[in-house]
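Since the structure comes first, as structure tokens, the remarks are kept for the end.
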Amino acid sequence: MTYINRYGFLGLGVFLQIVAYMVTQDSFLSLISGLSGVISVVLCSQRKMGFYFFGFVQLFTYIVICFGERFYAEIGENVFYFITMLYGLFHWFRHYNSESKEVNTRQLSSVHNVCIGMACVFGIVFLYIFLRMTDDTQPFMDAITTVPAFIAQILMILRYRENWYYWFIIDVGSIVMWSFANNWLMVAQFLFWTVNCMYGFYKWNRNDKI
């Protein structure tokens with residue numbers, strides 16, 4: 001990958017976040033969360049270890065924002081991210097290719113894909129029913145952006161390429177959720193993340209090593 005391809009895409013994401021911040025005049029915390037989120041997902045799609053540093057920054061700022069919106073499932077989801085990322089940092093180090101400076105990836109079997117997909121659907125239904133009993137402001141969207149996130153995070157930490165399917169579902173759902181919440185910096189972030197899913201899927205499938 002050339003220098004322009006590698007950093008041009010990242011620069012585009014940062015530029016979009018800054019423009020959204022200037023237009024919406026949203027909170028500075030949302031800007032920090034959006035910028036660190038953009039940087040972390042691009043580094044993740046490129047299989048770079050730096051993903052973890054910016055990922056932790058995005059986690060903590062995003063949890064604070066979700067608390068203000070009463071998106072309780074999102075808060076729990078990001079606590080889960082923090083715990084699994086601690087393990088992921090160790091796991092990625094073990095499978096880091098020092099020559100290519102990228103983490104090696106692997107692929108799920110067809111049977112595992114079907115089983116995980118069914119578990120995801122049942123999980124969304126169960127969480128939606130539970131969240132309706134709380135004062136969650138968007139129980140359905142909160143459920144559809146939360147259950148696939150647990151699956152995507154585990155697959156990503158374990159280096160499975162299929163994680164990008166679930167991130168795509170999460171990102172599209174999050175665009176809708178944050179649109180209803182009128183937080184356009186988060187919308188801009190998830191729009192960029194949606195495009196990054198396709199980029200990440202391509203990048204991770206270029207590696208055949210297990």
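Ordered as shown in the structure tokens, chains take letters A, B, and onward, while each chain numbers its residues from 1 and ligands are numbered from 1 in the order shown.
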- Where does DSSP see strand (DSSP E) in range 2-209 of chain A, if you list the residues as an MDAnalysis selection string? chainID A and resid 96:97 102:103
Take the residues from that selection and write them out as an mmCIF file, in the first residue's frame, keeping C-alpha atoms.
data_model
loop_
_atom_site.group_PDB
_atom_site.id
_atom_site.type_symbol
_atom_site.label_atom_id
_atom_site.label_comp_id
_atom_site.auth_asym_id
_atom_site.auth_seq_id
_atom_site.Cartn_x
_atom_site.Cartn_y
_atom_site.Cartn_z
ATOM 1 C CA TYR A 96 2.235 -9.837 14.709
ATOM 2 C CA ASN A 97 4.276 -10.115 11.510
ATOM 3 C CA GLU A 102 0.698 -6.273 10.225
ATOM 4 C CA VAL A 103 -1.250 -8.840 12.219
#
Residue neighbourhood range 9-16 of chain A, 9 Å, only C-alpha atoms, exclusion window fewer than 3 positions, as a compact mmCIF listing (two decimals) with N, CA and C atoms, in the first residue's frame:
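The resulting file, part-v4.txt, is shown below:
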# COMPACT_ATOMS: atom_id res chain seq x y z
N ILE A 4 0.14 7.37 0.13
CA ILE A 4 -1.10 8.13 -0.09
C ILE A 4 -2.31 7.28 0.26
N ASN A 5 -2.34 6.02 -0.18
CA ASN A 5 -3.46 5.15 0.12
C ASN A 5 -3.60 4.91 1.61
N ARG A 6 -2.47 4.76 2.29
CA ARG A 6 -2.49 4.43 3.71
C ARG A 6 -2.94 5.60 4.56
N VAL A 19 -14.88 18.97 10.11
CA VAL A 19 -15.94 19.73 9.42
C VAL A 19 -17.27 19.58 10.16
N ALA A 20 -17.59 18.35 10.56
CA ALA A 20 -18.85 18.11 11.28
C ALA A 20 -18.87 18.88 12.60
N TYR A 21 -17.74 18.95 13.26
CA TYR A 21 -17.65 19.68 14.53
C TYR A 21 -17.86 21.18 14.31
N GLY A 34 -14.83 11.19 18.33
CA GLY A 34 -14.92 10.94 16.89
C GLY A 34 -13.56 10.81 16.24
N LEU A 35 -12.63 11.71 16.58
CA LEU A 35 -11.29 11.67 15.99
C LEU A 35 -10.54 10.40 16.39
N SER A 36 -10.57 10.08 17.67
CA SER A 36 -9.87 8.86 18.12
C SER A 36 -10.52 7.62 17.53
N VAL A 38 -12.08 7.42 14.56
CA VAL A 38 -11.67 7.34 13.15
C VAL A 38 -10.26 6.76 13.02
N ILE A 39 -9.34 7.28 13.83
CA ILE A 39 -7.95 6.81 13.76
C ILE A 39 -7.85 5.34 14.15
N VAL A 42 -9.27 2.88 11.39
CA VAL A 42 -8.41 2.80 10.20
C VAL A 42 -7.18 1.96 10.50
N LEU A 43 -6.58 2.17 11.68
CA LEU A 43 -5.42 1.36 12.07
C LEU A 43 -5.81 -0.11 12.23
N ALA A 188 -21.34 11.36 11.69
CA ALA A 188 -20.21 11.46 10.78
C ALA A 188 -19.19 10.36 11.05
N GLN A 189 -18.95 10.08 12.33
CA GLN A 189 -18.00 9.02 12.68
C GLN A 189 -18.45 7.68 12.14
N PHE A 192 -18.22 7.23 8.36
CA PHE A 192 -16.86 6.90 7.97
C PHE A 192 -16.53 5.46 8.33
N TRP A 193 -16.98 5.02 9.50
CA TRP A 193 -16.72 3.64 9.92
C TRP A 193 -17.36 2.64 8.97
N ASN A 196 -15.14 2.31 6.18
CA ASN A 196 -13.95 1.62 6.67
C ASN A 196 -14.16 0.12 6.78
- For Phe180 in chain A, the nearest of the candidates A:Cys115, A:Glu162, A:Val125, A:Glu69, counting only C-alpha atoms: A:Glu69
- CA of Ala143 in chain A and CA of Gly123 in chain A are how many Å apart? 8.3 Å
- Shortest interatomic distance to Ser40 in chain A - which of A:Phe54, A:Trp178, A:Phe28, A:Phe150, counting only C-alpha atoms: A:Phe54
- Item | Interatomic distance, CA of Ile63 in chain A to CA of Ile75 in chain A (Å, one decimal) |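 Separation of CA of Ile63 in chain A and CA of Ile75 in chain A: 5.4 Å.
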